[in-house]
Amino acid sequence: MDFVARCRAGDVEAFETLYREHAARLYTLACRMAGSREDGEDLLQEIFLQAYRKLGSFKGDSSIGTWLYRLALNHCLDYVRSRRAKMNKLTETLDADTSFEPTARRDTPIARMDLERAVERLPEGCREAFVLHDVEGFDHKEVAGLLGIAEGTSKSQVFKARMKLRGFLRRQ
Amino acid sequence: MHPNEETLNAYADGSLPANEAAEIERHVASCVSCRQLVDDLREILRAAGDLDLQDPPARAWMRIERAIQLEQEGARAEGAREGARAVQAGERDLVSGHGHGPAAAGRYGRWLAAAAALVLATVVGLRYAPGRSQVAAPASQARDGAAQASAGDAAQSVENELRQAEAHYENAIKGLEQIANAEQNALDPRTAATLQKNLAVIDQAISESRAAIRSQPASEPAQQSLIENFKTKIALLQDTVALINEMRKGNEAGAARIVSGLKQKGN
């Protein structure tokens with residue numbers, strides 16, 4: 001029996017192997033999309049539970065990793081969309097703040113952890129667009145499709161995110 | 001005249017048409033402030049593409065594994081009740097001196113997993129968020145009743161929900177604490193001390209959140225803070241149980257990763 005078939009048959013050991021191979025990538029995506037490690041961990045659990053339930057629908061048209069990534073991305077997007085309504089008011093307030101404080105020049109390369117923390121601080125909306133475009137490598141048309149926004153909005157959100165990150169990082 | 005920031009951003013990421021880019025390039029070569037912005041944006045782009053993957057905490061798989069087992073059993077709620085009984089049974093074994101040695105390995109697995117079930121049935125199942133009760137109510141309920149509900153009823157409903165959430169979290173914490181306390185001697189003294197220190201900080205934060213709710217029962221930030229502190233405590237206890245589990249399995253690398261995470265949280 002092949003590996004995926006063992007997972008489908010309820011072999012938890014095989015499923016753990018699948019988890020070990022892909023958890024870091026999906027956890028990282030979930031944390032960045034959600035903006036916190038706590039929510040990222042909850043999302044990771046939901047993603048793998050959903051994967052376990054849906055393995056029967058995996059046809060093998062793509063690799064299992066691609067299938068899992070797609071499932072994870074959709075789950076993160078659902079989460080983001082459901083949270084967006086609640087956060088709309090706050091986002092508007094934050095988005096209205098377009099002034100970027102002048103700060104001292106930063107001469108050293110950006111440390112990965114500094115950027116990771118700064119991304120967590122980005123407002124809803126521009127964080128997801130930034131993660132999908134600048135970190136995950138989707139183009140603006142794809143980001144627009146994934147987030148249900150116009151392509152121009154994706155561009156402006158990514159711009160906004162970069163400018164906010166610049167402000168955060170130069171203050172450190 | 002300086003180009004606007006959006007144009008400089010497009011120049012920095014290479015999305016500006018070639019004829020415009022050439023013009024911006026000439027300007028940037030002679031303008032310090034615009035060059036600084038372009039350099040910063042390019043540095044952000046470079047760093048974003050270079051970000052590392054993060055490993056999930058060790059407890060994450062434990063939670064998933066137990067959730068799958070519950071799925072297989074077909075009834076999550078029933079599974080959680082069995083989990084609670086298993087924890088109590090595990091406790092009795094420990095108190096009576098049973099449950100150690102190689103023959104007990106399976107039993108450890110069961111009652112450690114049972115603790116995860118307790119948490120699963122609460123933290124994941126409940127997903128309490130202040131103010132969510134009205135939003136999350138089924139549409140039919142909303143149509144039938146919400147229109148007539150008074151503000152007082154709504155406040156009472158949120159308070160009831162908070163109380164229920166609190167009870168679930170406390171149950172989960174109790175189950176995990178039983179295991180963590182019973183197995184304290186499995187941890188080296190420095191790790192145990194770090195855990196105790198972190199738990200004391202969280203307990204203090206829980207006390208402060210409770211005090212805030214007592215003085216302002218309807219305060220959403222206070223409610224949120226209490227729930228967040230419960231979640232933090234559960235996460236720490238889950239790490240402790242995962243650490244004990246890794247040590248039982250002889251997985252030194254896994255244990256070291258968890259200890260490192262605990263120390264970082266304590267700093």
# chains A, B, ... in the order shown; residues from 1 in each chain; ligands from 1
>>> residues_around(residues="B:Ala180", least_positions_apart="5", cutoff="8 Å", atoms="only C-alpha atoms", output="PyMOL selection string")
chain B and resi 237+240-241
>>> residues_around(residues="stretch 60-64 of chain A", least_positions_apart="4", cutoff="10 Å", atoms="only C-alpha atoms", output="VMD selection string")
chain A and resid 4 18 22 55 68 to 70
>>> write_last_selection(atoms="N, CA and C atoms", output="mmCIF file, in the first residue's frame")
data_model
loop_
_atom_site.group_PDB
_atom_site.id
_atom_site.type_symbol
_atom_site.label_atom_id
_atom_site.label_comp_id
_atom_site.auth_asym_id
_atom_site.auth_seq_id
_atom_site.Cartn_x
_atom_site.Cartn_y
_atom_site.Cartn_z
ATOM 1 N N VAL A 4 0.207 7.486 0.676
ATOM 2 C CA VAL A 4 -1.058 8.224 0.773
ATOM 3 C C VAL A 4 -2.207 7.269 1.109
ATOM 4 N N LEU A 18 3.714 12.410 7.247
ATOM 5 C CA LEU A 18 3.235 13.505 6.388
ATOM 6 C C LEU A 18 3.325 14.835 7.151
ATOM 7 N N HIS A 22 5.734 18.320 6.370
ATOM 8 C CA HIS A 22 5.125 19.559 5.875
ATOM 9 C C HIS A 22 4.725 20.556 6.964
ATOM 10 N N LEU A 55 -8.407 13.508 2.839
ATOM 11 C CA LEU A 55 -7.422 12.745 2.060
ATOM 12 C C LEU A 55 -8.072 11.889 0.981
ATOM 13 N N LEU A 68 -1.610 19.799 0.095
ATOM 14 C CA LEU A 68 -1.675 20.259 1.493
ATOM 15 C C LEU A 68 -1.523 21.777 1.583
ATOM 16 N N TYR A 69 -0.584 22.309 0.802
ATOM 17 C CA TYR A 69 -0.358 23.758 0.829
ATOM 18 C C TYR A 69 -1.618 24.503 0.406
ATOM 19 N N ARG A 70 -2.257 24.008 -0.639
ATOM 20 C CA ARG A 70 -3.478 24.640 -1.144
ATOM 21 C C ARG A 70 -4.583 24.596 -0.065
#
>>> closest_atom_pairs(of="chain A", to="chain B", cutoff="8 Å", atoms="only C-alpha atoms", output="JSON lines")
{"residue": "A:Val12", "atom": "CA", "partner": "B:Glu65", "partner_atom": "CA", "distance": 7.4}
{"residue": "A:Glu16", "atom": "CA", "partner": "B:Trp61", "partner_atom": "CA", "distance": 7.8}
{"residue": "A:Tyr19", "atom": "CA", "partner": "B:Trp61", "partner_atom": "CA", "distance": 7.8}
{"residue": "A:Ala23", "atom": "CA", "partner": "B:Pro56", "partner_atom": "CA", "distance": 7.0}
{"residue": "A:Ala24", "atom": "CA", "partner": "B:Asp55", "partner_atom": "CA", "distance": 4.7}
{"residue": "A:Arg25", "atom": "CA", "partner": "B:Leu53", "partner_atom": "CA", "distance": 6.0}
{"residue": "A:Tyr27", "atom": "CA", "partner": "B:Pro56", "partner_atom": "CA", "distance": 6.1}
{"residue": "A:Thr28", "atom": "CA", "partner": "B:Gln54", "partner_atom": "CA", "distance": 5.4}
{"residue": "A:Glu41", "atom": "CA", "partner": "B:Ala60", "partner_atom": "CA", "distance": 6.8}
{"residue": "A:Asp42", "atom": "CA", "partner": "B:Val124", "partner_atom": "CA", "distance": 7.2}
{"residue": "A:Leu44", "atom": "CA", "partner": "B:Ala60", "partner_atom": "CA", "distance": 7.9}
{"residue": "A:Gln45", "atom": "CA", "partner": "B:Ile64", "partner_atom": "CA", "distance": 5.7}
{"residue": "A:Phe48", "atom": "CA", "partner": "B:Ile64", "partner_atom": "CA", "distance": 7.1}
{"residue": "A:Leu49", "atom": "CA", "partner": "B:Ile64", "partner_atom": "CA", "distance": 6.8}
{"residue": "A:Tyr52", "atom": "CA", "partner": "B:Ile68", "partner_atom": "CA", "distance": 7.8}
{"residue": "A:Pro109", "atom": "CA", "partner": "B:Glu43", "partner_atom": "CA", "distance": 7.1}
{"residue": "A:Ile110", "atom": "CA", "partner": "B:Ala47", "partner_atom": "CA", "distance": 6.5}
{"residue": "A:Ala111", "atom": "CA", "partner": "B:Ala47", "partner_atom": "CA", "distance": 7.7}
{"residue": "A:Arg112", "atom": "CA", "partner": "B:Leu51", "partner_atom": "CA", "distance": 5.8}
{"residue": "A:Leu115", "atom": "CA", "partner": "B:Ala47", "partner_atom": "CA", "distance": 7.4}
{"residue": "A:Glu116", "atom": "CA", "partner": "B:Leu51", "partner_atom": "CA", "distance": 7.6}
{"residue": "A:Asp134", "atom": "CA", "partner": "B:Ala48", "partner_atom": "CA", "distance": 6.1}
{"residue": "A:Val135", "atom": "CA", "partner": "B:Ala48", "partner_atom": "CA", "distance": 5.3}
{"residue": "A:Glu136", "atom": "CA", "partner": "B:Gly49", "partner_atom": "CA", "distance": 7.9}
{"residue": "A:Phe159", "atom": "CA", "partner": "B:Asn9", "partner_atom": "CA", "distance": 6.9}
{"residue": "A:Arg162", "atom": "CA", "partner": "B:Leu41", "partner_atom": "CA", "distance": 6.7}
{"residue": "A:Met163", "atom": "CA", "partner": "B:Leu41", "partner_atom": "CA", "distance": 7.8}
{"residue": "A:Leu165", "atom": "CA", "partner": "B:Ile44", "partner_atom": "CA", "distance": 7.8}
{"residue": "A:Arg166", "atom": "CA", "partner": "B:Asp40", "partner_atom": "CA", "distance": 6.8}
>>> write_last_selection(atoms="N, CA and C atoms", output="compact mmCIF listing (two decimals), in the first residue's frame")
# COMPACT_ATOMS: atom_id res chain seq x y z
N VAL A 12 -2.10 6.26 11.48
CA VAL A 12 -1.66 7.50 12.12
C VAL A 12 -0.15 7.69 11.98
N GLU A 16 1.62 10.88 10.57
CA GLU A 16 2.63 11.65 11.32
C GLU A 16 3.83 11.96 10.42
N TYR A 19 2.90 14.79 8.40
CA TYR A 19 2.94 15.99 9.26
C TYR A 19 4.38 16.48 9.41
N ALA A 23 4.81 20.15 8.23
CA ALA A 23 4.27 21.02 9.30
C ALA A 23 4.95 22.38 9.35
N ALA A 24 6.28 22.41 9.21
CA ALA A 24 6.99 23.69 9.37
C ALA A 24 6.51 24.71 8.32
N ARG A 25 6.38 24.26 7.08
CA ARG A 25 5.98 25.19 6.03
C ARG A 25 4.55 25.71 6.28
N TYR A 27 2.85 25.66 9.17
CA TYR A 27 2.79 26.42 10.43
C TYR A 27 3.28 27.85 10.19
N THR A 28 4.38 27.97 9.45
CA THR A 28 4.94 29.29 9.16
C THR A 28 3.93 30.14 8.39
N GLU A 41 -0.83 28.12 15.56
CA GLU A 41 -0.85 26.73 16.07
C GLU A 41 -2.25 26.14 15.98
N ASP A 42 -3.25 26.93 16.34
CA ASP A 42 -4.63 26.45 16.21
C ASP A 42 -4.97 26.15 14.75
N LEU A 44 -2.88 25.35 12.41
CA LEU A 44 -2.15 24.15 11.97
C LEU A 44 -2.93 22.88 12.34
N GLN A 45 -3.45 22.88 13.54
CA GLN A 45 -4.22 21.71 13.97
C GLN A 45 -5.45 21.53 13.09
N PHE A 48 -4.46 20.19 9.57
CA PHE A 48 -4.14 18.75 9.49
C PHE A 48 -5.36 17.88 9.77
N LEU A 49 -6.25 18.37 10.61
CA LEU A 49 -7.49 17.60 10.80
C LEU A 49 -8.31 17.58 9.52
N TYR A 52 -6.75 15.27 7.11
CA TYR A 52 -7.04 13.88 7.46
C TYR A 52 -8.43 13.48 6.96
N PRO A 109 21.90 45.01 7.82
CA PRO A 109 20.85 44.22 7.17
C PRO A 109 19.75 43.88 8.17
N ILE A 110 18.56 43.68 7.65
CA ILE A 110 17.42 43.36 8.52
C ILE A 110 17.57 41.92 9.03
N ALA A 111 17.51 41.76 10.34
CA ALA A 111 17.57 40.41 10.90
C ALA A 111 16.23 39.72 10.65
N ARG A 112 16.31 38.41 10.40
CA ARG A 112 15.07 37.68 10.08
C ARG A 112 14.04 37.79 11.18
N LEU A 115 12.25 41.12 11.21
CA LEU A 115 11.23 41.23 10.16
C LEU A 115 10.01 40.38 10.53
N GLU A 116 10.28 39.19 11.07
CA GLU A 116 9.17 38.30 11.46
C GLU A 116 8.26 39.00 12.47
N ASP A 134 5.11 39.06 -1.14
CA ASP A 134 6.56 39.20 -0.94
C ASP A 134 7.21 37.99 -0.28
N VAL A 135 6.43 37.22 0.47
CA VAL A 135 7.02 36.07 1.14
C VAL A 135 6.71 34.78 0.38
N GLU A 136 5.43 34.59 0.04
CA GLU A 136 5.03 33.35 -0.62
C GLU A 136 5.23 33.38 -2.13
N PHE A 159 2.31 47.80 -0.92
CA PHE A 159 3.08 49.05 -0.76
C PHE A 159 2.96 49.56 0.67
N ARG A 162 4.96 47.43 3.07
CA ARG A 162 6.41 47.67 3.00
C ARG A 162 6.78 48.98 3.70
N MET A 163 5.95 50.00 3.50
CA MET A 163 6.26 51.29 4.13
C MET A 163 6.12 51.20 5.65
N LEU A 165 6.52 48.46 7.41
CA LEU A 165 7.66 47.65 7.87
C LEU A 165 8.91 48.52 7.95
N ARG A 166 9.08 49.36 6.96
CA ARG A 166 10.24 50.26 6.97
C ARG A 166 10.23 51.13 8.24
>>> atom_distance(atom1="atom CA of A:Thr17", atom2="atom CA of B:Gly254")
15.6 Å
>>> closest_residue(among="B:Ala255, B:Ala193, B:Val32, B:Leu162", to="B:Ile227", atoms="only C-alpha atoms")
B:Leu162
